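One structure is given here, and the rest of the page talks about it.
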Amino acid sequence: MDLATFRKGLDDWLDEHGRELAPEHDGLGTLDERMVQLAKVKRRSFDAGWMRWGWPERVGGLGGSPILRAYLGEALTARELVEPDVYSMTEVLAPTMIDFAAPELAAEMVPRLLRGDEIWCQGFSEPGTGSNLASLACRAIRADGGWRVTGQKVWTSYAQYASHCVLLTRTGSLESAHRGITALFVDMDSAGITVRPLRTMHGSDEFSEVFFDDVAVPFDRTLGEVDQGWAVAMDLLPYERSTSLWHRCAYLQRRLERLLESVPSGALGAAEVGEVAQLLIALRARSRDTQYRMAGGEQLGAETSIDKVLLSTAEQAVMDLAARGLAPEVLVGEDAASERWRAEYLYSRAASIYGGTTEIQRNIIARRLLDLGDDR
Amino acid sequence: MDATEVELFERSVRQAAADHTAEALDRALTDLGWPDALSDDPYTAVSILFPVQGAANATSSALDQVVATGLGMGPRTTEAVVLPRLGMSAVPGVAGDDGVSVDGLGTRASTRAETAVVAARGDAGQTFFSVAVADLRLEPVRGMDPELGLVRVTADGVAPGSRTEPSARAWPTTVVLARLGVSYEMLGAARAMLALAREHALERIQYGGPISRFQAVRHRLADTLVAIEGAEAAVNAARSARSPELATVAKALAGGRALTAASHCQQVLAGIGFTAEHSFHRYFRRILVLDQLFGSAHALTAELGEELLRSRALPDLLPLEDPVAMSAPR
């Protein structure tokens, strides 16, 4: 399956089924509504085959280049059928399972994620562990028949909806830092797990605190080698900055287009509009190169930090422009479209914080790409 | 050219460029077959030469040859080309009953050539003339970047020698190629500035260690790399798409981000970068002037914004399909 054939087939299918795929809610919708919509679109796309292309056959896919996944997410986002943040969790978690889970476990679990039967979450950050991921403390102890996990995670997206969690745990001493971390695939309905959603400033409960109190996890749910969980984390993070980022870019492009359609004449100057469009084009050009590097089998690494900085900058610039051009809507509008702009504007403030702050990305660029040596 | 040939070419150009004379570089380019490469595949040839020229702070007649190629005349090694005035992208000549009037710029090549090509607009559309350089007024432009060797080229009603009726696409294609060339040159200069600033940060000792350990310095250099990489991706995309719209955006990005790079690098270079003996200022001067060739970042950005506000639509300039990337993932 080449990209041109895939694109044509998918576009035709989306044209034909657009009405039944469209969300039933107006605007952004509640988180519950967005989850129902996501499950519907994934299910139908999976049954029609589109969601299976670009994934290996051993996990229920149809094979082919990951470029196909980049286009699927772009098309679904550009047509406003899915929100890129919930949709793209698949792009982050499925590759990790394929790379690190036992083959039988990946074959059993990944199709459920692709088909939209399940939501998964990613348990990385902790109250005392933000930028410095290697300092995490959520403990996993060997016991009879499996691990016992005790500790706390935070900023866990969609944990209240999740059936499984890719969890980083401390299995070595705290001083072992990145050498004593083990990744586990945890059932979220296990006894001892408590999820407490956090209300964010943009009015959504998408992040949660997750508490683990002596939770039993079988040994065969270990991802990768014991004490080698850092490799899982390092493998996963570039995925956040590749296919997912292309989807987010398609979303920003769509929002800028919506802004251009609705902005009152004279509300925005030519230079500021041109500048934002250029930021998006630079981001898209950079991200496209990344898609092809990934499709060519290259291992992605520190260079994707550049993509992330470009994304944060572009996302905030698009939403700053919207806040200037549509000030009455963003500030005091009460209709669904205004509420959507308001929530998106506020959410964009997090673009330079989540997934590694812009400062952390710059640290990575300085050390790994510019080879500036140690910073102390 | 395959990868090995490209590498050899780049090394030879770097050596020739290190001589700091345009003549030496022009001779080297001819010896290396650059004019042939330009005829075969101007887009690739431009992307190979100009980053090296920019990084070396060198000058040559390459831009003349690119413009001549875009005009459909093939690279001319003995004939110069009149470029648009600073900030402009329109043809530099006007053809009338009493000959051709010219108001444009020449590179150093125009002072050595006997004839120059002038693209002009007239009642019958665009025409390209070959005129005797002796009939043109050439005044050296020293200004911000004397070493670039630009000359102001003017004439009122000069008699045309030979004339060519070009295809309607000739001038737009020329502008695309010239914008790509100048963009690559600015990016080459920006990378050279980053290398200078990086080296300085690692060598300059303060408070008992190199200043490269300070986050403020590291982040400026990181932002410089981000600026360069984003612009370069856009320039490469414009090259593979051969798209006038994308080349316009790419030129604006390359100019704007090269200036961002200059600002960060100068701050990191601090006192030493402010001296005339340090080479930073040569790169800074070069990009200030190059940004103005074939449309400045400032003007092209406003132009794009006006078009978007007028059409109220966002054309998809960068589809996921990319023929070049698909055949040769890099």
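Ordering of the structure tokens sets the chain letters (A, B, ...), residue numbers begin anew at 1 in every chain, and ligands are numbered from 1 in the order given.
If you count only C-alpha atoms and ignore residues fewer than 4 places along the chain from stretch 104-116 of chain B, what sits within 7 Å of it is Ser61, Thr78, Glu79, Ala80, Val81, Val82, Leu83, Pro84, Arg85, Pro92, Ser130, Val131, Ala132, Val133, Gly149, Leu150, Val151, Arg152, Val153 and Thr154 of chain B.
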Please list as a list in words every residue within 9 Å of A:Val41, counting only C-alpha atoms and excluding residues in the same chain fewer than 3 positions away.
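Near neighbours after the sequence-gap exclusion: Leu21, Ala22, Val36, Gln37, Leu38, Arg44, Ser45, Phe46, Leu76, Leu81, Val82 and Gly116 of chain A.
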Next, the residues of the selection above should be written as an mmCIF file, in the first residue's frame with C-alpha atoms.
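See out_35.cif below for the written result:
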```
data_model
loop_
_atom_site.group_PDB
_atom_site.id
_atom_site.type_symbol
_atom_site.label_atom_id
_atom_site.label_comp_id
_atom_site.auth_asym_id
_atom_site.auth_seq_id
_atom_site.Cartn_x
_atom_site.Cartn_y
_atom_site.Cartn_z
ATOM 1 C CA LEU A 21 -18.374 9.580 11.669
ATOM 2 C CA ALA A 22 -19.034 13.181 12.745
ATOM 3 C CA VAL A 36 -17.213 8.134 22.915
ATOM 4 C CA GLN A 37 -16.360 9.878 19.645
ATOM 5 C CA LEU A 38 -12.789 8.542 19.674
ATOM 6 C CA ARG A 44 -15.062 2.137 12.211
ATOM 7 C CA SER A 45 -11.618 2.986 10.843
ATOM 8 C CA PHE A 46 -10.283 -0.309 12.166
ATOM 9 C CA LEU A 76 -9.168 12.502 10.916
ATOM 10 C CA LEU A 81 -13.477 13.859 13.623
ATOM 11 C CA VAL A 82 -11.010 13.350 16.466
ATOM 12 C CA GLY A 116 -10.797 1.718 20.124
#
```
Near chain B, which residues of chain A fall within 8 Å when you count only C-alpha atoms, and what do they look like as an MDAnalysis selection string?
chainID A and resid 3:4 71 253 256:257 260:261 269:275 277:278 281:286 288:289 292:293 296 306 309:310 359 362:363 365:366 370 372:376
Which of stretch 10-203 of chain B end up as strand (DSSP E or B) when DSSP is run on this backbone - answer as a PyMOL selection string?
chain B and resi 80-81+83+93-96+99-106+115-122+125-132+137-140+151-158+163-164
Enumerate, as a compact mmCIF listing (two decimals) with C-alpha atoms, in the first residue's frame, the complete set of residues in stretch 193-273 of chain A that a backbone-based DSSP assignment places in alpha helix (DSSP H).
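The resulting file, selection.txt, is reproduced below:
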```
# COMPACT_ATOMS: atom_id res chain seq x y z
CA GLY A 229 12.94 0.69 31.91
CA TRP A 230 14.88 3.79 30.96
CA ALA A 231 15.28 2.31 27.48
CA VAL A 232 11.47 1.99 27.28
CA ALA A 233 11.04 5.63 28.27
CA MET A 234 13.71 6.81 25.85
CA ASP A 235 12.12 4.77 23.08
CA LEU A 236 8.66 6.14 23.81
CA LEU A 237 9.46 9.84 24.07
CA PRO A 238 10.57 10.32 20.45
CA TYR A 239 7.24 8.79 19.35
CA GLU A 240 5.54 11.69 21.13
CA THR A 243 3.63 10.76 14.31
CA SER A 244 1.69 12.41 17.15
CA LEU A 245 3.33 15.69 16.37
CA TRP A 246 2.34 15.48 12.71
CA HIS A 247 -1.26 15.00 13.83
CA ARG A 248 -1.03 17.99 16.15
CA CYS A 249 0.38 20.02 13.30
CA ALA A 250 -2.65 19.10 11.15
CA TYR A 251 -4.87 20.22 14.00
CA LEU A 252 -3.10 23.60 14.30
CA GLN A 253 -3.36 24.09 10.57
CA ARG A 254 -7.10 23.42 10.81
CA ARG A 255 -7.51 25.88 13.68
CA LEU A 256 -5.61 28.60 11.84
CA GLU A 257 -7.86 27.98 8.87
CA ARG A 258 -10.94 28.33 11.12
CA LEU A 259 -9.50 31.56 12.49
CA LEU A 260 -8.97 32.97 8.99
CA GLU A 261 -12.55 32.06 8.10
CA SER A 262 -14.06 33.83 11.08
CA ALA A 270 -0.80 41.00 7.74
CA ALA A 271 2.63 40.61 9.35
CA GLU A 272 1.40 38.71 12.41
CA VAL A 273 -0.71 36.38 10.27
```
